[in-house]
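Asks: Before I ask anything, let me first share the structure, which is written out below as structure tokens.
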Amino acid sequence: MTDRYDRPPTRVGLIGCGGIAGNHLAGYRLVEEAELVACCDIDAAKAEDFARRAGIIDAYSDYRELLAHDDIEMVDICANDEAHAEIAVAALWAGKHALIEKPFATTAAQGRAIIDAAKGAGRLAMCAQSLRWDPKMRAAKGLIDAGRIGEPVFVRFCQPSSPFWCREQARAYRDRAPDWLLVHNGMHSFDLLAWLLGSLPVRVHARSHPGQEWLPVHEYVSCTIRFASGAIAQAEENRIMQPPGYPFHCELYVVGSEGTLDLSDRLTHAASVYNEAGVNLLGAHTTWTPDQPDQPFACEIREFVQAIREDRPPPIPLEFSLTILKAVLAAAESMHTAEAVAIDG
Amino acid sequence: MAEGPLRCGIIGFDYGHQGAFAGSLAKHPDTRIVGVADLPDAPEVARRRGREFAAGAGVPYFDDLAALLDAEAVEAVSLCAPPTRNPEVVAELAARDIHVMSEKPVAQDLAGARRIAAAVRGAGVAFTFGSHAARFATPIARAIDAVRSGRIGDVRVLNATFLQPRGPRYTISVEEAERRRAAGEPSVGELANFGGYVFLAFTAYAGARAASVYCESDAFFYESYRIAGIEDLALVSLQYEGGAVASAVIGRTTTKSMPTTDVRHEIIGSAGVLHVNAMSDRAFVYGPWRDGDEFERGGFDTPTFGRPSYELYVDDFVRAIREGRDPELTVADAVEFHATLEAAYESARTYRPVDVARD
Ligand SMILES: NC(=O)c1ccc[n+]([C@@H]2O[C@H](COP(=O)([O-])OP(=O)(O)OC[C@H]3O[C@@H](n4cnc5c(N)ncnc54)[C@H](O)[C@@H]3O)[C@@H](O)[C@H]2O)c1
């Protein structure tokens, strides 16, 4: 398949064939401009299984072997958080563009090293933020940008869920820090809030609850965030819902100077806008299926690939994501010190 | 105690709420309104409301509280005076052995609330205050019962929204804000006004007191609030003794098409979750299955058109006096609320979490 410039699709190697790689695979199936040609996992069986599902031949267990292939133009890094920076820096210096799952790095220094590598090698890198392409969130962004609720001044965002972990995994989580859930997942909500508000966070305070006693990770963190625009927000990391099986969903509540946007898919899958025109019920088109063309992972991949092909900056600048990462790390610091932390932008 | 119905005085119509409180007292089978009075320097608008109520009830109106107390044997009052004046007024009432039901916030600051507590305790009179929705609104009262009976296990996390959509005609105009600023008179922000509805429900859910408060707030919507230096919206994060953590957004927005005040509580426990939404007539429980009880349907009824919470609150006050017990909302709760509020205000100024003061 070729694009409107008659060029063949961009050749992609995916690194880290676990859970989220499956979502990316569903995305690639819908993106004409990209073609998955290789994959890699330190667990060779996982790499082979993924290759089978994706219909590709080249499966590696060492990412350096994948990077050695000159015809691979882009890597999609779906490995665990701690592996992102090393793989990304190596890939960029090997001349590949890099889409990196969140958190794209786990320290600010790593984040800076990735930005430097991208600049030095003249390649694009972007932190994946699938929530921005979620149809619900795009609807919310569209309404806010169209001025339907005036100037947004307060946002609450949460995705409550039961723990993904169970007692049998106690060993696997034994060495995790209390802030692990926040650092692992916080970039989702902090990025979403900054994007919706069109403003960067300047100060954050966090409180947490350990939840189940048998693991050190705190299953609940609530962050109070002040943005440069003056807006304030609450963002939750929530895996504390009991009993197990609580339906995962997300809630977004935005108060503006002229109206309120209430988007909750709890029980109803409904979204409502209260503004000067009264109440608008947006109805039930707020969920998505993996095969719909505008599903979030397909959109995220497509827009990054298009930026590569058209030689323009990626939709989410890495400098922006670095500030978001710093804000999440500031929240983690606040969790430990109990003090509010200023975010160095 | 005198025979016959409880002899009640109505003091101050500075706030519109007095209509509901005085009206509920007047309707109560065990009370009789004996007179209406204002503080000597009350504004004309309050006096007009007071005279109207007195005329409707067929009782005398007094320009001065002292005149009412000298003329009639008053056993209990409903007080709606400015919070700056309440400590002195409550002290005067308590000294005459009169029970007090006061509008919230009961004082302008923690020191004022403590003066009230000392006066009330010294005299041994009953005292309660108008954060009635925190304990008497049907959905919240039922949620507190469910949580305290162990329905969702130990309380770990609390979340609440209390956003009233109606604009500043319920509070102050730009001119009034400018006058007060010039005169150095304080005003009451929305956290002080509505915070009790949330914090006092939280303490009931958690079965514990707030230990530390962090707050970000602003005057986002109303020019008059900016001039008066008060907040119209606040996001408060609390740590409770015993470990529960809580967040609440509290304020007054401009979203006029919101059907009613947006009141939502989420109570997350070790064995279940409870969601209360005042715009719905059901509260949803996500938790262990129990055969045979109404929870079988996933929640419980929270009828919006049941008895209003201020009526249940007034009834509790009258019964507490009759039964010689504390009302549901006590003077200790008022002090606790003001300690939490003061910590929130200090936090909003300093950008630091602040410990809640203890006596
Ligand atoms: N966008 C989203 O909504 C979303 C959702 C879940 C996870 N994620 C992110 O995706 C990443 C992966 O999460 P997951 O849930 O798929 O985890 P997972 O553990 O299921 O999969 C990760 C895989 O990477 C492999 N891996 C680890 N280090 C590697 C290395 N150096 N080289 C090659 N492979 C390596 C592991 O063997 C594993 O198979 C995480 O960074 C996570 O934060 C994003």
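Going through the structure tokens in order, the chains are called A, B, and so on, while each chain numbers its residues from 1 and the ligands are numbered from 1 in the order shown.
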Around ligand 1, out to 6 Å and counting only C-alpha atoms and all ligand atoms, which residues are there? I want them as a list in words.
Replies: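 Based on only C-alpha atoms and all ligand atoms, ligand 1 is surrounded within 6 Å by Ile15, Gly16, Cys17, Gly18, Gly19, Ile20, Ala21, Cys40, Asp41, Ile42, Asp43, Tyr63, Cys78, Ala79, Asn80, Asp81, Ala83, Glu101, Lys102, Pro103, Gln129, Ser130 and His184 of chain A.
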Asks: Grab the residues selected above and save them as a short mmCIF file (atom, residue, chain, number, x, y, z; two decimals), in the first residue's frame with all heavy atoms.
Replies:
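The file below, part_26.cif, is the result:
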```
data_model
loop_
_atom_site.label_atom_id
_atom_site.label_comp_id
_atom_site.auth_asym_id
_atom_site.auth_seq_id
_atom_site.Cartn_x
_atom_site.Cartn_y
_atom_site.Cartn_z
N ILE A 15 8.76 -3.11 20.15
CA ILE A 15 9.61 -3.69 21.19
C ILE A 15 8.83 -3.78 22.50
O ILE A 15 8.39 -2.76 23.03
CB ILE A 15 10.89 -2.84 21.37
CG1 ILE A 15 11.65 -2.75 20.04
CG2 ILE A 15 11.77 -3.42 22.48
CD1 ILE A 15 12.79 -1.74 20.04
N GLY A 16 8.67 -5.00 22.98
CA GLY A 16 7.90 -5.24 24.21
C GLY A 16 6.52 -5.76 23.86
O GLY A 16 5.60 -4.99 23.63
N CYS A 17 6.39 -7.10 23.80
CA CYS A 17 5.17 -7.71 23.26
C CYS A 17 4.23 -8.17 24.37
O CYS A 17 3.81 -9.32 24.40
CB CYS A 17 5.53 -8.87 22.34
SG CYS A 17 6.65 -8.39 21.02
N GLY A 18 3.89 -7.28 25.28
CA GLY A 18 2.99 -7.63 26.37
C GLY A 18 1.59 -7.12 26.12
O GLY A 18 1.11 -7.07 24.98
N GLY A 19 0.93 -6.72 27.19
CA GLY A 19 -0.48 -6.34 27.13
C GLY A 19 -0.77 -5.21 26.15
O GLY A 19 -1.59 -5.35 25.24
N ILE A 20 -0.08 -4.09 26.31
CA ILE A 20 -0.45 -2.92 25.51
C ILE A 20 -0.06 -3.10 24.05
O ILE A 20 -0.66 -2.48 23.16
CB ILE A 20 0.17 -1.62 26.10
CG1 ILE A 20 -0.63 -0.40 25.65
CG2 ILE A 20 1.63 -1.47 25.69
CD1 ILE A 20 -2.05 -0.37 26.14
N ALA A 21 0.91 -3.99 23.79
CA ALA A 21 1.30 -4.24 22.40
C ALA A 21 0.09 -4.74 21.60
O ALA A 21 -0.04 -4.44 20.40
CB ALA A 21 2.44 -5.25 22.35
N CYS A 40 10.05 -7.54 19.06
CA CYS A 40 11.09 -7.98 19.98
C CYS A 40 10.55 -8.05 21.39
O CYS A 40 9.79 -7.17 21.82
CB CYS A 40 12.26 -6.99 19.91
SG CYS A 40 13.42 -7.15 21.28
N ASP A 41 10.92 -9.12 22.10
CA ASP A 41 10.63 -9.18 23.54
C ASP A 41 11.74 -9.99 24.19
O ASP A 41 12.20 -10.98 23.60
CB ASP A 41 9.26 -9.83 23.80
CG ASP A 41 8.73 -9.51 25.20
OD1 ASP A 41 9.37 -9.95 26.19
OD2 ASP A 41 7.69 -8.82 25.30
N ILE A 42 12.17 -9.59 25.37
CA ILE A 42 13.20 -10.38 26.05
C ILE A 42 12.70 -11.80 26.31
O ILE A 42 13.48 -12.72 26.46
CB ILE A 42 13.67 -9.73 27.38
CG1 ILE A 42 12.48 -9.19 28.15
CG2 ILE A 42 14.70 -8.64 27.11
CD1 ILE A 42 12.83 -8.67 29.53
N ASP A 43 11.41 -11.94 26.34
CA ASP A 43 10.81 -13.28 26.43
C ASP A 43 10.52 -13.73 24.99
O ASP A 43 9.57 -13.28 24.35
CB ASP A 43 9.52 -13.16 27.25
CG ASP A 43 8.81 -14.48 27.44
OD1 ASP A 43 9.04 -15.40 26.61
OD2 ASP A 43 8.01 -14.58 28.38
N TYR A 63 16.67 -6.19 21.59
CA TYR A 63 16.22 -5.06 20.75
C TYR A 63 17.34 -4.55 19.85
O TYR A 63 17.09 -3.96 18.80
CB TYR A 63 15.64 -3.93 21.62
CG TYR A 63 16.63 -3.15 22.44
CD1 TYR A 63 17.31 -2.06 21.88
CD2 TYR A 63 16.90 -3.48 23.77
CE1 TYR A 63 18.23 -1.33 22.64
CE2 TYR A 63 17.81 -2.77 24.52
CZ TYR A 63 18.47 -1.69 23.95
OH TYR A 63 19.38 -0.98 24.68
N CYS A 78 6.98 -0.61 23.60
CA CYS A 78 5.90 -1.06 24.50
C CYS A 78 6.46 -1.92 25.62
O CYS A 78 5.74 -2.73 26.20
CB CYS A 78 4.85 -1.84 23.72
SG CYS A 78 3.96 -0.86 22.52
N ALA A 79 7.75 -1.78 25.89
CA ALA A 79 8.36 -2.54 26.99
C ALA A 79 7.94 -1.89 28.31
O ALA A 79 7.29 -0.85 28.33
CB ALA A 79 9.87 -2.54 26.83
N ASN A 80 8.38 -2.50 29.41
CA ASN A 80 8.04 -1.95 30.73
C ASN A 80 8.72 -0.60 30.94
O ASN A 80 9.76 -0.32 30.35
CB ASN A 80 8.45 -2.94 31.82
CG ASN A 80 7.81 -4.28 31.59
OD1 ASN A 80 8.41 -5.17 31.01
ND2 ASN A 80 6.56 -4.42 32.01
N ASP A 81 8.14 0.21 31.81
CA ASP A 81 8.57 1.59 32.03
C ASP A 81 10.09 1.75 32.13
O ASP A 81 10.69 2.62 31.50
CB ASP A 81 7.97 2.14 33.34
CG ASP A 81 6.45 2.06 33.38
OD1 ASP A 81 5.85 1.71 32.35
OD2 ASP A 81 5.88 2.35 34.45
N ALA A 83 12.51 0.17 31.05
CA ALA A 83 13.33 -0.12 29.87
C ALA A 83 13.24 0.97 28.80
O ALA A 83 14.05 1.01 27.87
CB ALA A 83 12.92 -1.47 29.28
N GLU A 101 5.79 4.35 24.80
CA GLU A 101 4.63 4.31 25.71
C GLU A 101 4.90 5.17 26.94
O GLU A 101 6.04 5.43 27.32
CB GLU A 101 4.33 2.86 26.14
CG GLU A 101 3.15 2.22 25.42
CD GLU A 101 1.84 3.01 25.54
OE1 GLU A 101 1.70 3.89 26.41
OE2 GLU A 101 0.94 2.76 24.71
N LYS A 102 3.82 5.61 27.56
CA LYS A 102 3.96 6.39 28.79
C LYS A 102 4.35 5.48 29.94
O LYS A 102 3.97 4.31 29.89
CB LYS A 102 2.66 7.15 29.09
CG LYS A 102 1.41 6.25 29.31
CD LYS A 102 1.32 5.62 30.66
CE LYS A 102 0.60 4.31 30.63
NZ LYS A 102 0.76 3.51 31.85
N PRO A 103 5.05 5.88 30.95
CA PRO A 103 5.84 7.11 30.99
C PRO A 103 7.06 6.94 30.09
O PRO A 103 7.73 5.92 30.18
CB PRO A 103 6.25 7.20 32.46
CG PRO A 103 6.28 5.78 32.93
CD PRO A 103 5.24 5.05 32.14
N GLN A 129 0.16 8.92 24.23
CA GLN A 129 -0.87 9.38 25.18
C GLN A 129 -2.23 9.03 24.60
O GLN A 129 -2.94 9.90 24.08
CB GLN A 129 -0.76 10.90 25.42
CG GLN A 129 0.50 11.32 26.15
CD GLN A 129 0.48 10.95 27.63
OE1 GLN A 129 -0.44 10.31 28.12
NE2 GLN A 129 1.51 11.34 28.35
N SER A 130 -2.58 7.75 24.67
CA SER A 130 -3.78 7.29 23.97
C SER A 130 -5.05 8.04 24.41
O SER A 130 -5.97 8.23 23.62
CB SER A 130 -3.98 5.79 24.19
OG SER A 130 -3.95 5.50 25.58
N HIS A 184 3.92 5.20 37.20
CA HIS A 184 3.57 4.34 36.07
C HIS A 184 2.44 4.94 35.24
O HIS A 184 2.46 4.91 34.02
CB HIS A 184 3.17 2.97 36.63
CG HIS A 184 2.57 2.04 35.63
ND1 HIS A 184 3.28 1.53 34.57
CD2 HIS A 184 1.31 1.53 35.52
CE1 HIS A 184 2.50 0.74 33.84
NE2 HIS A 184 1.30 0.73 34.40
#
```
Asks: Do me a favour and pick out the residues of chain B within 9 Å of chain A, using only C-alpha atoms, as JSON, numbers by chain.
Replies: {"B": [152, 156, 157, 214, 215, 216, 217, 218, 220, 221, 233, 234, 235, 236, 237, 238, 239, 243, 244, 245, 246, 247, 249, 253, 254, 255, 256, 257, 258, 259, 268, 269, 270, 271, 272, 273, 286, 287, 288, 351, 352, 353]}
Asks: Kindly save the residues from that selection, with N, CA and C atoms included, as a compact mmCIF listing (two decimals), in the first residue's frame.
Replies:
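As a result, part.txt now contains:
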```txt
# COMPACT_ATOMS: atom_id res chain seq x y z
N ILE B 152 -19.61 -1.14 53.57
CA ILE B 152 -18.51 -1.15 52.59
C ILE B 152 -17.15 -1.34 53.28
N ARG B 156 -11.72 4.20 53.28
CA ARG B 156 -10.35 4.51 52.85
C ARG B 156 -10.26 5.86 52.13
N VAL B 157 -11.23 6.13 51.28
CA VAL B 157 -11.16 7.33 50.44
C VAL B 157 -12.55 7.98 50.38
N TYR B 214 -5.04 20.47 52.84
CA TYR B 214 -4.39 21.24 51.78
C TYR B 214 -5.49 21.85 50.91
N CYS B 215 -5.30 23.08 50.50
CA CYS B 215 -6.39 23.75 49.77
C CYS B 215 -5.85 24.66 48.68
N GLU B 216 -6.45 24.59 47.51
CA GLU B 216 -6.22 25.56 46.44
C GLU B 216 -7.57 26.21 46.17
N SER B 217 -7.62 27.53 46.16
CA SER B 217 -8.91 28.18 45.95
C SER B 217 -8.72 29.50 45.24
N ASP B 218 -9.83 30.09 44.78
CA ASP B 218 -9.78 31.36 44.07
C ASP B 218 -11.17 31.95 43.95
N PHE B 220 -12.99 32.68 41.06
CA PHE B 220 -12.93 32.44 39.62
C PHE B 220 -14.05 33.14 38.86
N PHE B 221 -15.21 33.26 39.51
CA PHE B 221 -16.41 33.62 38.75
C PHE B 221 -16.92 35.04 39.01
N LEU B 233 -14.65 29.19 44.73
CA LEU B 233 -14.44 27.76 44.49
C LEU B 233 -13.17 27.31 45.20
N ALA B 234 -13.23 26.15 45.83
CA ALA B 234 -12.06 25.63 46.54
C ALA B 234 -11.96 24.13 46.31
N LEU B 235 -10.73 23.67 46.13
CA LEU B 235 -10.46 22.23 46.07
C LEU B 235 -9.66 21.89 47.33
N VAL B 236 -10.23 21.02 48.15
CA VAL B 236 -9.65 20.75 49.45
C VAL B 236 -9.26 19.27 49.53
N SER B 237 -8.07 19.01 50.04
CA SER B 237 -7.61 17.64 50.22
C SER B 237 -7.35 17.42 51.71
N LEU B 238 -7.93 16.36 52.26
CA LEU B 238 -7.85 16.16 53.71
C LEU B 238 -7.29 14.79 54.05
N GLN B 239 -6.56 14.76 55.15
CA GLN B 239 -6.09 13.50 55.70
C GLN B 239 -6.82 13.30 57.02
N GLY B 243 -6.37 7.32 58.83
CA GLY B 243 -5.80 7.00 57.53
C GLY B 243 -6.62 7.34 56.30
N ALA B 244 -7.92 7.59 56.45
CA ALA B 244 -8.71 7.90 55.25
C ALA B 244 -8.22 9.21 54.62
N VAL B 245 -8.25 9.27 53.29
CA VAL B 245 -7.92 10.51 52.59
C VAL B 245 -9.16 10.99 51.85
N ALA B 246 -9.27 12.30 51.69
CA ALA B 246 -10.50 12.85 51.12
C ALA B 246 -10.19 14.05 50.23
N SER B 247 -11.04 14.26 49.24
CA SER B 247 -10.96 15.45 48.40
C SER B 247 -12.36 15.99 48.20
N VAL B 249 -14.49 19.34 46.10
CA VAL B 249 -14.58 20.62 45.41
C VAL B 249 -15.87 21.28 45.87
N THR B 253 -20.88 28.17 41.30
CA THR B 253 -20.49 28.38 39.91
C THR B 253 -21.52 29.27 39.22
N THR B 254 -21.33 29.47 37.91
CA THR B 254 -22.30 30.25 37.14
C THR B 254 -23.15 29.37 36.24
N THR B 255 -23.05 28.04 36.43
CA THR B 255 -23.74 27.12 35.52
C THR B 255 -25.23 27.06 35.86
N LYS B 256 -25.97 28.03 35.34
CA LYS B 256 -27.36 28.18 35.79
C LYS B 256 -28.28 27.07 35.33
N SER B 257 -27.90 26.37 34.25
CA SER B 257 -28.79 25.31 33.77
C SER B 257 -28.62 24.00 34.52
N MET B 258 -27.66 23.92 35.44
CA MET B 258 -27.55 22.73 36.28
C MET B 258 -28.85 22.62 37.07
N PRO B 259 -29.53 21.44 37.01
CA PRO B 259 -30.88 21.38 37.58
C PRO B 259 -30.94 21.69 39.07
N ILE B 268 -15.30 5.20 49.42
CA ILE B 268 -14.61 4.00 48.98
C ILE B 268 -14.12 3.26 50.21
N GLY B 269 -14.56 2.03 50.36
CA GLY B 269 -14.18 1.25 51.54
C GLY B 269 -13.37 0.03 51.17
N SER B 270 -12.95 -0.70 52.20
CA SER B 270 -12.14 -1.90 51.96
C SER B 270 -12.97 -3.03 51.37
N ALA B 271 -14.31 -2.91 51.43
CA ALA B 271 -15.14 -4.01 50.92
C ALA B 271 -16.23 -3.53 49.97
N GLY B 272 -16.21 -2.27 49.58
CA GLY B 272 -17.24 -1.79 48.67
C GLY B 272 -17.15 -0.30 48.44
N VAL B 273 -18.01 0.17 47.56
CA VAL B 273 -18.02 1.58 47.17
C VAL B 273 -19.46 2.07 47.20
N TYR B 286 -21.68 -0.56 45.43
CA TYR B 286 -20.96 -1.63 44.77
C TYR B 286 -20.25 -2.38 45.88
N GLY B 287 -20.73 -3.57 46.20
CA GLY B 287 -20.13 -4.26 47.34
C GLY B 287 -20.62 -5.68 47.42
N PRO B 288 -20.32 -6.34 48.52
CA PRO B 288 -20.72 -7.73 48.66
C PRO B 288 -22.24 -7.89 48.59
N TYR B 351 0.31 27.67 50.48
CA TYR B 351 0.60 26.53 49.60
C TYR B 351 1.25 25.39 50.36
N ARG B 352 0.85 25.22 51.61
CA ARG B 352 1.38 24.11 52.41
C ARG B 352 0.22 23.39 53.07
N PRO B 353 0.35 22.07 53.31
CA PRO B 353 -0.67 21.40 54.11
C PRO B 353 -0.59 21.91 55.54
```
Asks: When DSSP is applied to the backbone of this structure, which of stretch 196-254 of chain B are assigned alpha helix (DSSP H)? Write them out as a ChimeraX atom specification.
Replies: /B:196-206,223-228
Asks: Please report the interatomic distance between atom CA of A:Arg123 and atom CA of A:Leu92 in Å with one decimal.
Replies: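 Separation between atom CA of A:Arg123 and atom CA of A:Leu92: 6.3 Å.
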Asks: Smallest atom-to-atom distance to A:Ala125: which of A:Leu215, A:Val305, A:Ala172, A:Leu99, using only C-alpha atoms?
Replies: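 Closest to A:Ala125 of all the choices is A:Leu99.
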Asks: Can you measure atom CA of B:Met279 to atom CA of B:Ala143 for me? One decimal in Å is fine.
Replies: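 Interatomic distance here is 14.9 Å.
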Asks: Neighbours of B:Gly251 within 8 Å (only C-alpha atoms; same-chain residues fewer than 6 positions away dropped), as a list of chain:residue names?
Replies: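 My reading of the contact set: B:Phe162, B:Leu163, B:Gln164, B:Glu190, B:Leu191, B:Phe194, B:Glu231, B:Asp232, B:Leu233, B:Ala234.
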Asks: Write the selection just made, keeping N, CA and C atoms, as a compact mmCIF listing (two decimals), in the first residue's frame?
Replies:
```txt
# COMPACT_ATOMS: atom_id res chain seq x y z
N PHE B 162 -19.58 19.69 45.90
CA PHE B 162 -20.71 20.51 46.33
C PHE B 162 -20.59 21.82 45.56
N LEU B 163 -21.30 21.90 44.45
CA LEU B 163 -21.24 23.10 43.63
C LEU B 163 -22.64 23.63 43.42
N GLN B 164 -22.88 24.81 43.98
CA GLN B 164 -24.19 25.40 43.80
C GLN B 164 -24.15 26.28 42.55
N GLU B 190 -17.28 30.89 50.01
CA GLU B 190 -18.14 29.70 49.79
C GLU B 190 -17.63 28.47 50.52
N LEU B 191 -16.33 28.41 50.81
CA LEU B 191 -15.84 27.27 51.58
C LEU B 191 -16.39 27.34 53.01
N PHE B 194 -20.41 26.66 52.55
CA PHE B 194 -20.86 25.30 52.20
C PHE B 194 -20.00 24.18 52.78
N GLU B 231 -13.30 33.36 48.40
CA GLU B 231 -13.25 32.38 47.34
C GLU B 231 -14.66 32.00 46.87
N ASP B 232 -14.79 31.73 45.55
CA ASP B 232 -16.05 31.15 45.09
C ASP B 232 -15.90 29.67 44.77
N LEU B 233 -14.65 29.19 44.73
CA LEU B 233 -14.44 27.76 44.49
C LEU B 233 -13.17 27.31 45.20
N ALA B 234 -13.23 26.15 45.83
CA ALA B 234 -12.06 25.63 46.54
C ALA B 234 -11.96 24.13 46.31
```
Asks: Excluding same-chain residues fewer than 4 positions from B:Leu65, what lies within 9 Å of it counting only C-alpha atoms, as a VMD selection string?
Replies: chain B and resid 11 to 12 36 to 40 69 to 70 89
Asks: Rounded to one decimal, what separation in Å do you get between atom CA of A:Ala177 and atom CA of A:Ile343?
Replies: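 Computing it gives 21.5 Å between the two atoms.
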Asks: Skipping near chain neighbours, those fewer than 4 positions away, what residues fall within 12 Å of stretch 293-299 of chain A using only C-alpha atoms, listed as a PyMOL selection string?
Replies: chain A and resi 20-34+76+99+101+128-138+286-289+303-306+315
Asks: Give me, as a PyMOL selection string, the residues of stretch 188-347 of chain B that a backbone DSSP run labels strand (DSSP E or B).
Replies: chain B and resi 210-218+233-240+245-252+262-269+273-277+282-286+299-301
